[in-house]
Amino acid sequence: MPPTPPGPEADRRRLDTATAALEPPFAAVDLDAFHANAADLTRRAAGKAIRVASKSVRCRALLEEVLSRPGYQGILGFTLPEALWLAAEGFDDIVVAYPSADRVAYAELAADATALAAVTVMVDSTDHLDLIEKSVAGTPGGQAAPIRVCIDIDAAFVAAGGRIRIGARRSPLHTPAQVAAMAREVLRRDGFTLVGLMAYESQIAGVGDAPPGRPLRGAAIRAMQSRSARELAARRGAIVEAVRELAPLEFVNGGGTGSIERTTAEDAVTEIAAGSGLYQPWLFDSYRAFRGRPAALFALPVVRRPGPETATALGGGYPASGVAGKDRLPQPYLPPGLSYDPNEAAGEVQTPLLGKVAASLRVGDRVWFRHTKAGELCERFDTLHLISGDEVVRSVPTYRGEGKTFL
């Protein structure tokens with residue numbers, strides 16, 4: 001297990017000391033926590049390689065940092081233009097986790113031998129194959145090599161004859177027969193080579209099984225996840241077996257930060273996807289099996305004191321994607337004990353914070369926050385200040401800081 005982190009007050013003093021020369025708002029990554037989380041992820045993966053989900057990092061320097069560690073191999077990207085950029089920057093073994101409809105990017109891929117060797121695209125229908133073929137037709141000099149393809153599998157939990165469905169709405173391919181038919185279609189087309197399968201069990205990997213203060217809901221989630229994991233293990237194994245009868249596979253990718261222990265236990269899975277656990281956003285605090293250390297943070301300055309137990313910070317309205325609700329809001333982290341004004345919450349330009357501890361805050365002090373999700377924080381800031389101990393060791397650009405806005 002990672003070493004026990006310091007207490008909240010010691011952490012706050014350390015972070016404030018390290019960033020004393022910086023003017024908030026700014027974002028930072030605690031490298032000590034980042035590396036402790038990275039080590040814990042590999043421990044949980046039990047020897048299987050981890051493919052880093054780039055959407056949860058969105059910083060080229062930190063992708064390099066984690067990929068230099070034992071146990072990490074390859075990137076799970078989120079758009080084809082991102083993958084082409086990363087390949088041009090020297091990264092290899094990049095699987096694009098989502099299908100693309102970017103015709104220009106496909107044409108660029110087909111013309112670039114380096115990218116064709118490094119990038120694998122995702123498909124789940126013949127429509128994708130048709131679009132790719134039309135996009136690359138007429139490539140100057142001809143297509144340099146076949147396009148590497150991974151087939152996405154629906155990992156959702158389906159019960160009651162389809163009346164119950166829990167999990168992300170991704171691929172339409174659910175059964176071994178459906179996936180095998182798709183594999184045959186890939187194999188019969190000269191411009192493609194089938195290299196992998198992927199199935200993301202969002203109902204396990206992205207749903208905490210111990211929501212605070214809701215024990216009955218937690219019990220229901222655990223029961224669902226246990227049943228879903230058993231069903232998926234059997235179905236994924238049968239799918240992999242069916243496809244391997246048609247073609248060799250380089251990899252079978254599965255899981256996410258919240259499901260590592262379950263997913264790595266499946267013989268059919270050769271590698272695990274993970275990324276959020278490196279930053280440990282607060283959405284991932286509600287799992288029983290692991291507890292990461294908060295690594296990605298942002299600091300806001302106190303600019304007003306409108307009441308004796310109210311301190312107003314500048315900015316802060318950085319909601320996460322997903323169904324709108326309180327769990328999409330950043331979490332006031334340090335000093336502990338602060339809460340939102342229910343009538344304003346996290347505002348576009350100002351965020352009033354309530355609580356007895358607010359009485360101790362003065363204009364110019366800092367409040368540290370954690371984002372609900374991981375990489376989305378990097379869409380709000382162009383720089384991450386990397387902290388080790390009580391100093392900033394370097395400052396690195398996010399994707400946005402490098403002028404890249406892929407989504």
# chains A, B, ... in the order shown; residues from 1 in each chain; ligands from 1
>>> residues_around(residues="Gly322 (chain A)", least_positions_apart="2", cutoff="12 Å", atoms="only C-alpha atoms", output="mmCIF file with N, CA, C and O atoms, in the first residue's frame")
data_model
loop_
_atom_site.group_PDB
_atom_site.id
_atom_site.type_symbol
_atom_site.label_atom_id
_atom_site.label_comp_id
_atom_site.auth_asym_id
_atom_site.auth_seq_id
_atom_site.Cartn_x
_atom_site.Cartn_y
_atom_site.Cartn_z
ATOM 1 N N ALA A 168 -22.608 2.279 -19.782
ATOM 2 C CA ALA A 168 -22.519 3.278 -20.857
ATOM 3 C C ALA A 168 -23.054 2.716 -22.167
ATOM 4 O O ALA A 168 -22.875 1.538 -22.477
ATOM 5 N N GLY A 206 -16.584 2.919 -13.127
ATOM 6 C CA GLY A 206 -16.845 4.338 -12.911
ATOM 7 C C GLY A 206 -17.942 4.647 -11.920
ATOM 8 O O GLY A 206 -18.378 5.796 -11.820
ATOM 9 N N LEU A 283 -14.575 12.032 -7.299
ATOM 10 C CA LEU A 283 -15.579 11.046 -7.685
ATOM 11 C C LEU A 283 -15.119 9.621 -7.376
ATOM 12 O O LEU A 283 -15.940 8.725 -7.183
ATOM 13 N N PRO A 319 -17.688 22.697 -13.637
ATOM 14 C CA PRO A 319 -18.444 21.450 -13.460
ATOM 15 C C PRO A 319 -17.911 20.348 -14.365
ATOM 16 O O PRO A 319 -17.339 20.602 -15.430
ATOM 17 N N ALA A 320 -18.124 19.116 -13.932
ATOM 18 C CA ALA A 320 -17.711 17.958 -14.720
ATOM 19 C C ALA A 320 -18.825 17.534 -15.665
ATOM 20 O O ALA A 320 -19.992 17.871 -15.479
ATOM 21 N N ALA A 324 -26.226 16.401 -14.797
ATOM 22 C CA ALA A 324 -26.050 17.559 -13.921
ATOM 23 C C ALA A 324 -26.520 17.252 -12.508
ATOM 24 O O ALA A 324 -27.560 16.638 -12.294
ATOM 25 N N GLY A 325 -25.729 17.675 -11.529
ATOM 26 C CA GLY A 325 -26.075 17.452 -10.131
ATOM 27 C C GLY A 325 -24.934 17.905 -9.244
ATOM 28 O O GLY A 325 -23.873 18.339 -9.730
ATOM 29 N N LYS A 326 -25.125 17.811 -7.929
ATOM 30 C CA LYS A 326 -24.107 18.259 -6.992
ATOM 31 C C LYS A 326 -22.802 17.492 -7.147
ATOM 32 O O LYS A 326 -21.725 18.023 -6.869
ATOM 33 N N ASP A 327 -22.906 16.235 -7.568
ATOM 34 C CA ASP A 327 -21.690 15.439 -7.703
ATOM 35 C C ASP A 327 -20.873 15.813 -8.925
ATOM 36 O O ASP A 327 -19.824 15.229 -9.175
ATOM 37 N N ARG A 328 -21.331 16.780 -9.712
ATOM 38 C CA ARG A 328 -20.541 17.272 -10.838
ATOM 39 C C ARG A 328 -19.693 18.478 -10.449
ATOM 40 O O ARG A 328 -18.909 18.984 -11.262
ATOM 41 N N LEU A 329 -19.864 18.992 -9.238
ATOM 42 C CA LEU A 329 -19.160 20.199 -8.816
ATOM 43 C C LEU A 329 -17.803 19.863 -8.222
ATOM 44 O O LEU A 329 -17.628 18.814 -7.600
ATOM 45 N N THR A 372 -14.232 16.989 -9.894
ATOM 46 C CA THR A 372 -15.004 15.749 -9.835
ATOM 47 C C THR A 372 -14.360 14.659 -10.675
ATOM 48 O O THR A 372 -14.312 13.495 -10.269
ATOM 49 N N LYS A 373 -13.878 15.029 -11.860
ATOM 50 C CA LYS A 373 -13.230 14.072 -12.745
ATOM 51 C C LYS A 373 -11.744 14.404 -12.852
ATOM 52 O O LYS A 373 -11.254 15.312 -12.204
ATOM 53 N N GLU A 376 -10.507 16.521 -17.053
ATOM 54 C CA GLU A 376 -11.292 17.704 -17.426
ATOM 55 C C GLU A 376 -10.766 18.979 -16.783
ATOM 56 O O GLU A 376 -10.955 20.072 -17.311
#
>>> select_by_dssp(residues="region 192-392 of chain A", states="helix (DSSP H, G or I)", output="JSON, numbers by chain")
{"A": [202, 203, 204, 205, 215, 216, 217, 218, 219, 220, 221, 222, 223, 224, 225, 226, 227, 228, 229, 230, 231, 232, 233, 234, 235, 236, 237, 238, 239, 240, 241, 242, 243, 244, 257, 258, 259, 260, 261, 262, 263, 264, 276, 277, 278, 279, 282, 283, 284, 285, 326, 327, 328, 356, 357, 358, 359, 360, 375, 376, 377, 378, 379]}
>>> closest_residue(among="A:Leu278, A:Val302, A:Ala296, A:Ala61", to="Leu15 (chain A)", atoms="only C-alpha atoms")
A:Ala296
>>> closest_atom_pairs(of="region 139-186 of chain A", to="region 221-230 of chain A", cutoff="12 Å", atoms="only C-alpha atoms", output="tab-separated table")
residue	atom	partner	partner_atom	distance
A:Ala155	CA	A:Ser228	CA	9.0
A:Ala156	CA	A:Ser228	CA	7.9
A:Phe157	CA	A:Ser228	CA	5.4
A:Val158	CA	A:Ser228	CA	8.3
A:Ala159	CA	A:Ser228	CA	9.5
A:Ile164	CA	A:Met224	CA	11.3
A:Arg165	CA	A:Ser228	CA	10.6
A:Ile166	CA	A:Met224	CA	8.9
A:Gly167	CA	A:Ser228	CA	9.8
>>> select_by_dssp(residues="region 46-158 of chain A", states="strand (DSSP E)", output="PyMOL selection string")
chain A and resi 49-53+72-77+94-96+119-123+147-153+157-158
>>> closest_residue(among="A:Ala205, A:Val269, A:Leu63, A:Ala110", to="Ala234 (chain A)", atoms="only C-alpha atoms")
A:Val269
>>> atom_distance(atom1="CA of Met122 (chain A)", atom2="CA of Val136 (chain A)")
15.9 Å
>>> residues_around(residues="region 53-59 of chain A", least_positions_apart="3", cutoff="7 Å", atoms="only C-alpha atoms", output="list in words")
Leu62, Leu63, Ile75, Leu76, Gly77, Phe78, Ala273, Ala274, Gly275, Ser276, Ala374, Gly375, Cys378, Pro397, Thr398 and Tyr399 of chain A
>>> atom_distance(atom1="CA of Ala46 (chain A)", atom2="CA of Gly71 (chain A)")
9.4 Å
